[in-house]
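Student: The following file, entry34.pdb, comprises PDB, C-alpha atoms:
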```
ATOM      1  CA  MET E   5      95.066  57.568 131.746  1.00  0.00           C
ATOM      2  CA  VAL E   6      96.081  61.239 131.789  1.00  0.00           C
ATOM      3  CA  GLN E   7      98.452  62.330 129.057  1.00  0.00           C
ATOM      4  CA  TYR E   8     100.647  65.322 129.541  1.00  0.00           C
ATOM      5  CA  ARG E   9     101.759  67.449 126.673  1.00  0.00           C
ATOM      6  CA  LEU E  10     104.826  69.589 126.772  1.00  0.00           C
ATOM      7  CA  PRO E  11     104.415  72.573 124.430  1.00  0.00           C
ATOM      8  CA  MET E  12     107.232  73.196 122.005  1.00  0.00           C
ATOM      9  CA  LEU E  13     107.202  76.903 122.786  1.00  0.00           C
ATOM     10  CA  PRO E  14     106.190  78.583 126.002  1.00  0.00           C
ATOM     11  CA  LEU E  15     102.875  80.401 125.827  1.00  0.00           C
ATOM     12  CA  SER E  16     103.146  84.124 125.247  1.00  0.00           C
ATOM     13  CA  GLU E  17     101.717  86.459 127.804  1.00  0.00           C
ATOM     14  CA  GLU E  18      98.639  88.437 126.835  1.00  0.00           C
ATOM     15  CA  VAL E  19      98.966  92.196 126.627  1.00  0.00           C
ATOM     16  CA  ASP E  20      96.670  95.125 125.929  1.00  0.00           C
ATOM     17  CA  TRP E  21      96.960  96.670 122.485  1.00  0.00           C
ATOM     18  CA  ALA E  22      95.399  99.845 121.123  1.00  0.00           C
ATOM     19  CA  ALA E  23      95.727 101.843 117.906  1.00  0.00           C
ATOM     20  CA  THR E  24      93.737 103.989 115.551  1.00  0.00           C
ATOM     21  CA  VAL E  25      92.697 101.815 112.625  1.00  0.00           C
ATOM     22  CA  ASN E  26      91.050 103.485 109.636  1.00  0.00           C
ATOM     23  CA  GLY E  27      90.227 106.488 111.782  1.00  0.00           C
ATOM     24  CA  ASN E  28      88.661 104.523 114.649  1.00  0.00           C
ATOM     25  CA  GLY E  29      90.199 103.892 118.043  1.00  0.00           C
ATOM     26  CA  VAL E  30      90.396 100.160 118.717  1.00  0.00           C
ATOM     27  CA  SER E  31      91.772  98.025 121.507  1.00  0.00           C
ATOM     28  CA  THR E  32      92.119  94.325 122.143  1.00  0.00           C
ATOM     29  CA  ARG E  33      94.020  91.739 124.148  1.00  0.00           C
ATOM     30  CA  MET E  34      96.596  89.799 122.210  1.00  0.00           C
ATOM     31  CA  GLU E  35      99.566  87.533 122.644  1.00  0.00           C
ATOM     32  CA  SER E  36     102.698  89.611 123.115  1.00  0.00           C
ATOM     33  CA  ASN E  37     104.328  88.051 120.042  1.00  0.00           C
ATOM     34  CA  ALA E  38     101.335  88.429 117.682  1.00  0.00           C
ATOM     35  CA  ILE E  39     101.989  89.788 114.218  1.00  0.00           C
ATOM     36  CA  LEU E  40      99.987  92.781 113.085  1.00  0.00           C
ATOM     37  CA  LEU E  41      98.340  90.889 110.222  1.00  0.00           C
ATOM     38  CA  ASP E  42      96.791  88.428 112.682  1.00  0.00           C
ATOM     39  CA  VAL E  43      95.575  91.164 115.013  1.00  0.00           C
ATOM     40  CA  LEU E  44      93.957  93.051 112.137  1.00  0.00           C
ATOM     41  CA  ARG E  45      92.264  90.010 110.607  1.00  0.00           C
ATOM     42  CA  ASP E  46      91.561  87.727 113.565  1.00  0.00           C
ATOM     43  CA  SER E  47      91.075  90.093 116.503  1.00  0.00           C
ATOM     44  CA  LEU E  48      89.608  93.145 114.743  1.00  0.00           C
ATOM     45  CA  GLY E  49      87.870  91.478 111.774  1.00  0.00           C
ATOM     46  CA  ILE E  50      89.497  93.761 109.194  1.00  0.00           C
ATOM     47  CA  LEU E  51      89.701  91.335 106.303  1.00  0.00           C
ATOM     48  CA  GLY E  52      90.833  93.551 103.402  1.00  0.00           C
ATOM     49  CA  THR E  53      94.467  93.014 104.328  1.00  0.00           C
ATOM     50  CA  LYS E  54      95.379  89.667 102.763  1.00  0.00           C
ATOM     51  CA  ARG E  55      97.651  86.891 103.934  1.00  0.00           C
ATOM     52  CA  GLY E  56      99.853  85.939 101.011  1.00  0.00           C
ATOM     53  CA  CYS E  57     103.321  84.558 101.582  1.00  0.00           C
ATOM     54  CA  ASP E  58     103.951  85.228 105.309  1.00  0.00           C
ATOM     55  CA  MET E  59     107.544  86.026 104.295  1.00  0.00           C
ATOM     56  CA  GLY E  60     107.358  89.646 103.118  1.00  0.00           C
ATOM     57  CA  THR E  61     107.802  88.846  99.432  1.00  0.00           C
ATOM     58  CA  CYS E  62     104.348  89.408  97.895  1.00  0.00           C
ATOM     59  CA  GLY E  63     103.022  92.678  99.367  1.00  0.00           C
ATOM     60  CA  CYS E  64      99.441  91.407  99.818  1.00  0.00           C
ATOM     61  CA  CYS E  65      99.497  92.384 103.481  1.00  0.00           C
ATOM     62  CA  SER E  66     100.661  95.975 102.900  1.00  0.00           C
ATOM     63  CA  ILE E  67      99.175  98.593 105.207  1.00  0.00           C
ATOM     64  CA  LEU E  68     100.105 102.120 106.239  1.00  0.00           C
ATOM     65  CA  VAL E  69     101.505 102.711 109.725  1.00  0.00           C
ATOM     66  CA  ASP E  70     101.652 106.411 110.492  1.00  0.00           C
ATOM     67  CA  GLY E  71     101.429 107.018 106.727  1.00  0.00           C
ATOM     68  CA  SER E  72     104.296 104.723 105.689  1.00  0.00           C
ATOM     69  CA  PRO E  73     103.796 101.424 103.854  1.00  0.00           C
ATOM     70  CA  ARG E  74     104.611  98.382 105.979  1.00  0.00           C
ATOM     71  CA  LEU E  75     104.239  94.632 105.574  1.00  0.00           C
ATOM     72  CA  SER E  76     101.891  93.511 108.320  1.00  0.00           C
ATOM     73  CA  CYS E  77     103.080  89.883 108.070  1.00  0.00           C
ATOM     74  CA  LEU E  78     106.565  90.949 109.193  1.00  0.00           C
ATOM     75  CA  MET E  79     105.579  93.474 111.856  1.00  0.00           C
ATOM     76  CA  LEU E  80     104.891  92.630 115.453  1.00  0.00           C
ATOM     77  CA  ALA E  81     101.612  94.191 116.515  1.00  0.00           C
ATOM     78  CA  GLN E  82     103.338  95.748 119.520  1.00  0.00           C
ATOM     79  CA  GLU E  83     105.431  97.841 117.101  1.00  0.00           C
ATOM     80  CA  ALA E  84     102.180  99.506 115.990  1.00  0.00           C
ATOM     81  CA  ASN E  85     100.764  99.982 119.488  1.00  0.00           C
ATOM     82  CA  GLY E  86      99.403 103.544 119.630  1.00  0.00           C
ATOM     83  CA  CYS E  87      99.975 104.171 115.910  1.00  0.00           C
ATOM     84  CA  GLU E  88      97.671 105.284 113.107  1.00  0.00           C
ATOM     85  CA  ILE E  89      97.027 102.277 110.851  1.00  0.00           C
ATOM     86  CA  THR E  90      95.324 102.455 107.467  1.00  0.00           C
ATOM     87  CA  THR E  91      94.166  99.376 105.594  1.00  0.00           C
ATOM     88  CA  VAL E  92      92.457  99.262 102.208  1.00  0.00           C
ATOM     89  CA  GLU E  93      89.111  99.785 103.961  1.00  0.00           C
ATOM     90  CA  GLY E  94      90.347 103.154 105.232  1.00  0.00           C
ATOM     91  CA  LEU E  95      91.254 104.613 101.822  1.00  0.00           C
ATOM     92  CA  SER E  96      87.730 105.631 100.798  1.00  0.00           C
ATOM     93  CA  GLU E  97      85.859 108.556 102.285  1.00  0.00           C
ATOM     94  CA  GLY E  98      82.401 107.266 103.070  1.00  0.00           C
ATOM     95  CA  HIS E  99      80.868 106.086  99.813  1.00  0.00           C
ATOM     96  CA  HIS E 100      83.470 107.870  97.681  1.00  0.00           C
ATOM     97  CA  LEU E 101      86.399 105.778  96.582  1.00  0.00           C
ATOM     98  CA  HIS E 102      89.986 107.003  96.731  1.00  0.00           C
ATOM     99  CA  PRO E 103      91.027 107.852  93.146  1.00  0.00           C
ATOM    100  CA  ILE E 104      93.327 104.811  92.986  1.00  0.00           C
ATOM    101  CA  GLN E 105      90.471 102.506  93.998  1.00  0.00           C
ATOM    102  CA  GLN E 106      88.299 104.070  91.311  1.00  0.00           C
ATOM    103  CA  THR E 107      90.931 103.852  88.575  1.00  0.00           C
ATOM    104  CA  PHE E 108      91.888 100.269  89.431  1.00  0.00           C
ATOM    105  CA  ALA E 109      88.276  99.358  88.687  1.00  0.00           C
ATOM    106  CA  GLU E 110      88.041 101.536  85.561  1.00  0.00           C
ATOM    107  CA  CYS E 111      91.460 100.711  84.030  1.00  0.00           C
ATOM    108  CA  GLY E 112      91.695  96.990  84.809  1.00  0.00           C
ATOM    109  CA  GLY E 113      94.357  97.319  87.486  1.00  0.00           C
ATOM    110  CA  SER E 114      92.661  94.505  89.349  1.00  0.00           C
ATOM    111  CA  GLN E 115      91.879  91.127  87.877  1.00  0.00           C
ATOM    112  CA  CYS E 116      91.596  88.322  90.424  1.00  0.00           C
ATOM    113  CA  GLY E 117      91.772  90.940  93.184  1.00  0.00           C
ATOM    114  CA  PHE E 118      93.842  89.089  95.763  1.00  0.00           C
ATOM    115  CA  CYS E 119      96.857  91.390  95.522  1.00  0.00           C
ATOM    116  CA  THR E 120      94.755  94.528  95.013  1.00  0.00           C
ATOM    117  CA  PRO E 121      94.504  95.730  98.649  1.00  0.00           C
ATOM    118  CA  GLY E 122      98.279  95.760  99.029  1.00  0.00           C
ATOM    119  CA  PHE E 123      98.767  97.623  95.758  1.00  0.00           C
ATOM    120  CA  LEU E 124      96.081 100.189  96.621  1.00  0.00           C
ATOM    121  CA  VAL E 125      97.591 100.971 100.006  1.00  0.00           C
ATOM    122  CA  VAL E 126     101.145 101.325  98.669  1.00  0.00           C
ATOM    123  CA  ILE E 127     100.031 103.439  95.713  1.00  0.00           C
ATOM    124  CA  SER E 128      97.911 105.704  97.928  1.00  0.00           C
ATOM    125  CA  ALA E 129     101.056 106.443  99.964  1.00  0.00           C
ATOM    126  CA  LEU E 130     102.967 107.189  96.751  1.00  0.00           C
ATOM    127  CA  LEU E 131     100.246 109.574  95.533  1.00  0.00           C
ATOM    128  CA  ASP E 132     100.082 111.312  98.926  1.00  0.00           C
ATOM    129  CA  GLU E 133     103.825 111.956  98.742  1.00  0.00           C
ATOM    130  CA  ASN E 134     104.031 112.588  94.990  1.00  0.00           C
ATOM    131  CA  PRO E 135     100.706 113.244  93.223  1.00  0.00           C
ATOM    132  CA  LYS E 136     102.358 113.243  89.771  1.00  0.00           C
ATOM    133  CA  PRO E 137     104.820 110.313  89.769  1.00  0.00           C
ATOM    134  CA  SER E 138     106.747 109.231  86.672  1.00  0.00           C
ATOM    135  CA  ASP E 139     106.409 105.688  85.377  1.00  0.00           C
ATOM    136  CA  ILE E 140     109.794 104.860  86.957  1.00  0.00           C
ATOM    137  CA  GLU E 141     108.605 106.211  90.328  1.00  0.00           C
ATOM    138  CA  ILE E 142     105.386 104.187  90.041  1.00  0.00           C
ATOM    139  CA  LYS E 143     107.276 100.993  89.213  1.00  0.00           C
ATOM    140  CA  THR E 144     109.732 101.601  92.043  1.00  0.00           C
ATOM    141  CA  ALA E 145     106.895 102.143  94.538  1.00  0.00           C
ATOM    142  CA  ILE E 146     105.143  98.894  93.610  1.00  0.00           C
ATOM    143  CA  GLU E 147     108.216  96.689  93.202  1.00  0.00           C
ATOM    144  CA  GLY E 148     107.470  94.948  96.514  1.00  0.00           C
ATOM    145  CA  ASN E 149     103.974  93.947  95.397  1.00  0.00           C
ATOM    146  CA  LEU E 150     103.456  90.805  93.342  1.00  0.00           C
ATOM    147  CA  CYS E 151     100.615  90.420  90.834  1.00  0.00           C
ATOM    148  CA  ARG E 152     100.221  87.221  88.884  1.00  0.00           C
ATOM    149  CA  CYS E 153      97.381  88.407  86.612  1.00  0.00           C
ATOM    150  CA  THR E 154      97.775  91.880  85.151  1.00  0.00           C
ATOM    151  CA  GLY E 155     101.268  92.102  83.715  1.00  0.00           C
ATOM    152  CA  TYR E 156     101.529  95.406  85.646  1.00  0.00           C
ATOM    153  CA  GLN E 157     100.782  97.758  82.715  1.00  0.00           C
ATOM    154  CA  GLN E 158      97.152  98.174  83.803  1.00  0.00           C
ATOM    155  CA  ILE E 159      98.382  98.984  87.303  1.00  0.00           C
ATOM    156  CA  VAL E 160     100.719 101.693  86.002  1.00  0.00           C
ATOM    157  CA  ASP E 161      97.885 103.023  83.813  1.00  0.00           C
ATOM    158  CA  SER E 162      95.618 103.097  86.877  1.00  0.00           C
ATOM    159  CA  VAL E 163      98.163 105.139  88.823  1.00  0.00           C
ATOM    160  CA  ARG E 164      98.513 107.605  85.939  1.00  0.00           C
ATOM    161  CA  GLU E 165      94.719 108.042  85.797  1.00  0.00           C
ATOM    162  CA  ALA E 166      94.493 108.483  89.572  1.00  0.00           C
ATOM    163  CA  SER E 167      97.235 111.085  89.337  1.00  0.00           C
ATOM    164  CA  SER E 168      95.207 112.959  86.709  1.00  0.00           C
ATOM    165  CA  ILE E 169      92.181 112.958  88.994  1.00  0.00           C
ATOM    166  CA  LEU E 170      94.220 114.215  91.950  1.00  0.00           C
ATOM    167  CA  CYS E 171      96.166 116.869  90.044  1.00  0.00           C
ATOM    168  CA  ASP E 172      93.724 118.354  87.585  1.00  0.00           C
ATOM    169  CA  GLY E 173      90.356 116.689  88.077  1.00  0.00           C
ATOM    170  CA  SER E 174      90.497 114.926  84.708  1.00  0.00           C
ATOM    171  CA  GLY E 175      90.662 111.198  84.306  1.00  0.00           C
ATOM    172  CA  VAL E 176      87.940 108.584  84.230  1.00  0.00           C
ATOM    173  CA  GLY E 177      85.398 110.569  86.265  1.00  0.00           C
ATOM    174  CA  ASP E 178      83.832 109.673  89.576  1.00  0.00           C
ATOM    175  CA  SER E 179      82.535 106.115  89.355  1.00  0.00           C
ATOM    176  CA  THR E 180      80.662 106.636  92.629  1.00  0.00           C
ATOM    177  CA  ASP E 181      78.381 109.289  91.111  1.00  0.00           C
ATOM    178  CA  PRO E 182      74.794 108.128  90.522  1.00  0.00           C
ATOM    179  CA  LYS E 183      74.290 106.521  87.118  1.00  0.00           C
ATOM    180  CA  SER E 184      71.206 106.291  84.974  1.00  0.00           C
ATOM    181  CA  ASP E 185      69.429 102.952  84.889  1.00  0.00           C
ATOM    182  CA  PRO E 186      71.005 100.831  82.126  1.00  0.00           C
ATOM    183  CA  HIS E 187      67.701  98.914  81.747  1.00  0.00           C
ATOM    184  CA  PRO E 188      65.011 101.627  81.961  1.00  0.00           C
ATOM    185  CA  GLY E 189      62.120  99.387  80.845  1.00  0.00           C
ATOM    186  CA  PHE E 190      62.954  96.503  83.176  1.00  0.00           C
ATOM    187  CA  ALA E 191      61.077  96.419  86.476  1.00  0.00           C
ATOM    188  CA  GLY E 192      62.666  93.189  87.798  1.00  0.00           C
TER     189      GLY E 192
END
```
Since I need it in another form, could you write the structure as structure tokens?
Tutor:
Amino acid sequence: MVQYRLPMLPLSEEVDWAATVNGNGVSTRMESNAILLDVLRDSLGILGTKRGCDMGTCGCCSILVDGSPRLSCLMLAQEANGCEITTVEGLSEGHHLHPIQQTFAECGGSQCGFCTPGFLVVISALLDENPKPSDIEIKTAIEGNLCRCTGYQQIVDSVREASSILCDGSGVGDSTDPKSDPHPGFAG
């Protein structure tokens, strides 16, 4: 016996989509109503952008679209067609971390790490616009990002340290520089 199923929603048409993601031109076919988060993760395999709430309340899916922070769970991919998109993977330059990535590691801005990509992307946009933000400006910039582990002070401290690196070269130093062997007699 053949059973027929009537879909609840009509199928979306497939469309071509192209953008520059983390400095690389990419293109794919996608459903016309696909959200950007799904295209990044499922079609392009860019997994740094996290799926948190799917409602725009946690900030885990934050990315930059043409330099401005956006929530990829609330943005149709077609809105970003032809745009410059930066995810957490695009913040570093080769093997050298962006100062905010470095200071998050050094100052404890990241604990469980799930919210970290969204924070890093939003803070990088803040530091691009204002390399020496006040604590109020930092807190205002990150108010759309939810962290359940840090209590936020380590995040603010991380931004201050990153600002010091960007503005005057001081701060925690470059954690991507080669380090001496901490176990010189051990030959594993």
Student: Do you know which residues are at most 7 Å from region 100-111 of chain E counting only C-alpha atoms, after dropping those on the same chain fewer than 6 positions away, and could you put them as a list in words?
Tutor: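 Using only C-alpha atoms, the neighbours found are Leu124, Ser128, Gln158, Ile159, Asp161, Ser162, Val163, Glu165, Ala166, Ile169, Ser179 and Thr180 of chain E.
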Student: Please build the interface table for region 98-155 of chain E against region 66-89 of chain E with a cut-off of 12 Å, listing for each qualifying residue the nearest atom pair and the distance in Å to one decimal; count only C-alpha atoms, order rows by chain and increasing number, and write it as a tab-separated table.
Tutor:
```
residue	atom	partner	partner_atom	distance
E:Cys119	CA	E:Ser66	CA	9.5
E:Thr120	CA	E:Ser66	CA	10.0
E:Pro121	CA	E:Ser66	CA	7.5
E:Gly122	CA	E:Ser66	CA	4.6
E:Phe123	CA	E:Ser66	CA	7.6
E:Leu124	CA	E:Ser66	CA	8.8
E:Val125	CA	E:Ile67	CA	5.9
E:Val126	CA	E:Pro73	CA	5.8
E:Ile127	CA	E:Pro73	CA	9.2
E:Ser128	CA	E:Leu68	CA	9.3
E:Ala129	CA	E:Gly71	CA	6.8
E:Leu130	CA	E:Pro73	CA	9.2
E:Leu131	CA	E:Gly71	CA	11.5
E:Asp132	CA	E:Gly71	CA	9.0
E:Glu133	CA	E:Gly71	CA	9.7
E:Ala145	CA	E:Pro73	CA	9.8
E:Ile146	CA	E:Pro73	CA	10.6
E:Gly148	CA	E:Ser66	CA	9.4
E:Asn149	CA	E:Ser66	CA	8.4
E:Leu150	CA	E:Ser66	CA	11.2
```
Student: Using only C-alpha atoms, what residues lie at most 12 Å away from (100.9, 85.7, 127.1) (file coordinates), given as a list in words?
Tutor: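 Those residues, ordered by chain and then number, are Leu13, Pro14, Leu15, Ser16, Glu17, Glu18, Val19, Asp20, Arg33, Met34, Glu35, Ser36, Asn37 and Ala38 of chain E.
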Student: Contacts of Arg152 (chain E) at 10 Å or less, counting all atoms listed in the file, minus same-chain residues fewer than 2 places along, as JSON, numbers by chain?
Tutor: {"E": [115, 116, 118, 119, 150, 154, 155, 156]}
Student: Record the distance separating CA of Ser47 (chain E) and CA of Ala23 (chain E), expressed in Å with one decimal.
Tutor: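 Separation between CA of Ser47 (chain E) and CA of Ala23 (chain E): 12.7 Å.
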Student: What is the distance between CA of Val92 (chain E) and CA of Asp172 (chain E), in Å to one decimal?
Tutor: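 Straight-line distance from CA of Val92 (chain E) to CA of Asp172 (chain E) works out to 24.1 Å.
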Student: Between CA of Trp21 (chain E) and CA of Ile39 (chain E), what is the distance in Å, rounded to a tenth?
Tutor: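 Between these atoms lies a distance of 11.9 Å.
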Student: When you count only C-alpha atoms, which of these residues is closest to Arg45 (chain E): E:Gly27, E:Lys136, E:Gly63, E:Thr91?
Tutor: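 Among the listed residues, the smallest separation from Arg45 (chain E) belongs to E:Thr91.
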Student: The residues within 12 Å of (87.7, 95.3, 111.9), using all atoms listed in the file and the coordinates of the file, should be reported as a list of chain:residue names; which are they?
Tutor: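 Collected hits near the coordinates: E:Ala23, E:Thr24, E:Val25, E:Asn26, E:Gly27, E:Asn28, E:Gly29, E:Val30, E:Ser31, E:Thr32, E:Leu41, E:Asp42, E:Val43, E:Leu44, E:Arg45, E:Asp46, E:Ser47, E:Leu48, E:Gly49, E:Ile50, E:Leu51, E:Gly52, E:Thr53, E:Ile89, E:Thr90, E:Thr91, E:Val92, E:Glu93, E:Gly94.
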Student: Find the smallest box with edges along x, y and z containing every listed atom of region 33-47 of chain E, then add 3 Å on each side and report centre and edge lengths in Å to one decimal, as JSON.
Tutor:
```
{"center_x": 97.7, "center_y": 90.3, "center_z": 117.2, "size_x": 19.3, "size_y": 11.5, "size_z": 19.9}
```
